[in-house]
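A short worksheet on the structure shown next.
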Amino acid sequence: MANRKLLALVSEDTELGRWALTRALEAEGFEVQAVSDWVEASSWLARARFSLAVVAVSSAPENCADIVAYVRQHHPHTHLVLLADQDSIGELQLACGPKTDILAKPLDLEEVVHAAHSRPVVGDETLGT
């Protein structure tokens, strides 16, 4: 039986951010699909069962509380981690709820990796790349 990698989705509007997040998560055994905005990310969520979605608030034109509610309702197996500027974390925590993982930008990749492993993993399907 083939060893399946965990799937991670990264939505980050900067190329450097996508690259750094992808490399850090790949080093932890994830197969990563990186996109530049929430529209693409939501499309990928509909195609595969991701165990992790890392979404930069700057890549999402929608209200982040709506994104959190959408992921919880339609993809409850996906661990959502939001990335936001330090100044907006308190406001986002109020809007999205205390159980939402929000990490500060600029990124601390070790924090992202820790958050990636902070929830039990449900079986994933490979992207077939």
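FYI, nothing fancy with the structure tokens labels: chains A, B, ... in order, residues from 1 per chain, ligands from 1 as they appear.
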- For A:Ser58, please output as a PyMOL selection string all residues within 8 Å (counting only C-alpha atoms; exclusion window: fewer than 5 positions along the same chain). chain A and resi 12-13+84
- Leaving out A:Asp85 and any residue of its chain fewer than 4 positions from it, which residues lie within 8 Å of it when counting only C-alpha atoms, given as a count of residues only? 4
- Using only C-alpha atoms: which of A:Glu31, A:Asp101, A:Asp66, A:Glu26 has the shortest distance to A:Arg49: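 Counting only C-alpha atoms, the residue closest to A:Arg49 is A:Glu31.
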- Item | DSSP alpha helix (DSSP H) selection over stretch 50-98 of chain A, as a PyMOL selection string | chain A and resi 64-74+89-96
- So, counting only C-alpha atoms, which residue among A:Leu94, A:Val68, A:Val39, A:Val81 is closest to A:Ala53? A:Val81
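With distances taken over only C-alpha atoms, A:Val32 is the one residue among A:Leu103, A:Val32, A:Val55, A:Val112 lying closest to A:Trp19.
Each of A:Ser51, A:Thr22, A:Ser11, A:Ser43 was compared to A:Leu109 using only C-alpha atoms, and A:Thr22 turns out to be the nearest.
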- So which residues touch A:Glu110 within 9 Å, counting only C-alpha atoms, skipping near sequence neighbours fewer than 4 positions away, as a list of chain:residue names? A:Ala24, A:His114, A:Ala115
- Query: If you run DSSP on the backbone, which residues of chain A are strand (DSSP E), as a ChimeraX atom specification?
  - Reply: /A:6-11,30-35,52-56,79-85,101-105
Produce a file of the selected residues containing N, CA, C and O atoms, as an mmCIF file, in the first residue's frame.
```
data_model
loop_
_atom_site.group_PDB
_atom_site.id
_atom_site.type_symbol
_atom_site.label_atom_id
_atom_site.label_comp_id
_atom_site.auth_asym_id
_atom_site.auth_seq_id
_atom_site.Cartn_x
_atom_site.Cartn_y
_atom_site.Cartn_z
ATOM 1 N N LEU A 6 0.246 13.832 3.837
ATOM 2 C CA LEU A 6 -0.800 14.739 4.307
ATOM 3 C C LEU A 6 -0.908 15.893 3.317
ATOM 4 O O LEU A 6 0.097 16.356 2.786
ATOM 5 N N LEU A 7 -2.118 16.369 3.106
ATOM 6 C CA LEU A 7 -2.326 17.474 2.181
ATOM 7 C C LEU A 7 -2.453 18.790 2.931
ATOM 8 O O LEU A 7 -3.172 18.877 3.924
ATOM 9 N N ALA A 8 -1.756 19.788 2.426
ATOM 10 C CA ALA A 8 -1.838 21.135 2.988
ATOM 11 C C ALA A 8 -2.126 22.116 1.852
ATOM 12 O O ALA A 8 -1.584 21.993 0.762
ATOM 13 N N LEU A 9 -2.974 23.063 2.150
ATOM 14 C CA LEU A 9 -3.312 24.125 1.210
ATOM 15 C C LEU A 9 -2.787 25.435 1.774
ATOM 16 O O LEU A 9 -3.025 25.753 2.938
ATOM 17 N N VAL A 10 -2.052 26.174 0.953
ATOM 18 C CA VAL A 10 -1.499 27.465 1.367
ATOM 19 C C VAL A 10 -2.083 28.539 0.468
ATOM 20 O O VAL A 10 -1.983 28.453 -0.756
ATOM 21 N N SER A 11 -2.711 29.543 1.078
ATOM 22 C CA SER A 11 -3.220 30.698 0.346
ATOM 23 C C SER A 11 -2.493 31.928 0.885
ATOM 24 O O SER A 11 -2.752 32.386 1.993
ATOM 25 N N PHE A 30 4.210 17.132 4.356
ATOM 26 C CA PHE A 30 2.972 17.500 3.681
ATOM 27 C C PHE A 30 3.190 17.585 2.177
ATOM 28 O O PHE A 30 4.266 17.958 1.714
ATOM 29 N N GLU A 31 2.154 17.260 1.430
ATOM 30 C CA GLU A 31 2.089 17.570 0.012
ATOM 31 C C GLU A 31 1.321 18.882 -0.053
ATOM 32 O O GLU A 31 0.204 18.971 0.473
ATOM 33 N N VAL A 32 1.904 19.909 -0.661
ATOM 34 C CA VAL A 32 1.361 21.264 -0.573
ATOM 35 C C VAL A 32 0.847 21.753 -1.918
ATOM 36 O O VAL A 32 1.518 21.606 -2.941
ATOM 37 N N GLN A 33 -0.325 22.355 -1.876
ATOM 38 C CA GLN A 33 -0.860 23.098 -3.013
ATOM 39 C C GLN A 33 -0.874 24.561 -2.583
ATOM 40 O O GLN A 33 -1.548 24.906 -1.608
ATOM 41 N N ALA A 34 -0.109 25.396 -3.262
ATOM 42 C CA ALA A 34 -0.019 26.812 -2.896
ATOM 43 C C ALA A 34 -0.709 27.665 -3.955
ATOM 44 O O ALA A 34 -0.511 27.463 -5.157
ATOM 45 N N VAL A 35 -1.524 28.602 -3.482
ATOM 46 C CA VAL A 35 -2.266 29.497 -4.361
ATOM 47 C C VAL A 35 -2.139 30.928 -3.850
ATOM 48 O O VAL A 35 -1.733 31.150 -2.712
ATOM 49 N N LEU A 52 -4.894 20.442 6.330
ATOM 50 C CA LEU A 52 -4.457 21.758 6.787
ATOM 51 C C LEU A 52 -4.698 22.792 5.703
ATOM 52 O O LEU A 52 -4.424 22.537 4.532
ATOM 53 N N ALA A 53 -5.198 23.962 6.098
ATOM 54 C CA ALA A 53 -5.295 25.118 5.201
ATOM 55 C C ALA A 53 -4.702 26.308 5.927
ATOM 56 O O ALA A 53 -5.153 26.672 7.012
ATOM 57 N N VAL A 54 -3.665 26.882 5.345
ATOM 58 C CA VAL A 54 -3.017 28.077 5.889
ATOM 59 C C VAL A 54 -3.418 29.227 4.976
ATOM 60 O O VAL A 54 -3.079 29.229 3.791
ATOM 61 N N VAL A 55 -4.175 30.175 5.523
ATOM 62 C CA VAL A 55 -4.736 31.256 4.715
ATOM 63 C C VAL A 55 -4.275 32.608 5.248
ATOM 64 O O VAL A 55 -4.586 32.971 6.393
ATOM 65 N N ALA A 56 -3.549 33.338 4.422
ATOM 66 C CA ALA A 56 -3.168 34.699 4.778
ATOM 67 C C ALA A 56 -4.385 35.597 4.606
ATOM 68 O O ALA A 56 -5.053 35.550 3.571
ATOM 69 N N HIS A 79 -7.917 21.612 9.278
ATOM 70 C CA HIS A 79 -7.427 22.516 10.319
ATOM 71 C C HIS A 79 -7.067 23.835 9.635
ATOM 72 O O HIS A 79 -6.173 23.888 8.799
ATOM 73 N N LEU A 80 -7.765 24.891 9.991
ATOM 74 C CA LEU A 80 -7.553 26.206 9.395
ATOM 75 C C LEU A 80 -6.645 27.042 10.278
ATOM 76 O O LEU A 80 -6.882 27.171 11.474
ATOM 77 N N VAL A 81 -5.617 27.612 9.660
ATOM 78 C CA VAL A 81 -4.709 28.535 10.343
ATOM 79 C C VAL A 81 -4.703 29.828 9.533
ATOM 80 O O VAL A 81 -4.406 29.815 8.338
ATOM 81 N N LEU A 82 -5.058 30.932 10.181
ATOM 82 C CA LEU A 82 -5.029 32.239 9.528
ATOM 83 C C LEU A 82 -3.702 32.923 9.813
ATOM 84 O O LEU A 82 -3.149 32.800 10.912
ATOM 85 N N LEU A 83 -3.211 33.667 8.843
ATOM 86 C CA LEU A 83 -2.009 34.479 8.997
ATOM 87 C C LEU A 83 -2.415 35.937 8.850
ATOM 88 O O LEU A 83 -3.070 36.297 7.868
ATOM 89 N N ALA A 84 -2.043 36.765 9.828
ATOM 90 C CA ALA A 84 -2.469 38.164 9.802
ATOM 91 C C ALA A 84 -1.392 39.066 10.377
ATOM 92 O O ALA A 84 -0.526 38.613 11.132
ATOM 93 N N ASP A 85 -1.464 40.339 10.031
ATOM 94 C CA ASP A 85 -0.558 41.319 10.628
ATOM 95 C C ASP A 85 -0.793 41.352 12.134
ATOM 96 O O ASP A 85 -1.928 41.229 12.600
ATOM 97 N N ASP A 101 -7.104 29.436 15.041
ATOM 98 C CA ASP A 101 -5.654 29.628 15.103
ATOM 99 C C ASP A 101 -5.269 30.791 14.201
ATOM 100 O O ASP A 101 -5.515 30.747 12.989
ATOM 101 N N ILE A 102 -4.692 31.825 14.797
ATOM 102 C CA ILE A 102 -4.243 32.993 14.042
ATOM 103 C C ILE A 102 -2.792 33.249 14.409
ATOM 104 O O ILE A 102 -2.466 33.407 15.586
ATOM 105 N N LEU A 103 -1.936 33.284 13.401
ATOM 106 C CA LEU A 103 -0.514 33.536 13.608
ATOM 107 C C LEU A 103 -0.130 34.871 12.993
ATOM 108 O O LEU A 103 -0.717 35.308 12.000
ATOM 109 N N ALA A 104 0.868 35.490 13.588
ATOM 110 C CA ALA A 104 1.293 36.822 13.153
ATOM 111 C C ALA A 104 2.251 36.762 11.970
ATOM 112 O O ALA A 104 3.083 35.870 11.860
ATOM 113 N N LYS A 105 2.079 37.736 11.091
ATOM 114 C CA LYS A 105 3.035 37.996 10.029
ATOM 115 C C LYS A 105 3.880 39.172 10.482
ATOM 116 O O LYS A 105 3.350 40.052 11.128
#
```
- Query: What is the distance between atom CA of A:His74 and atom CA of A:Ala46, in Å to one decimal?
  - Reply: 8.9 Å
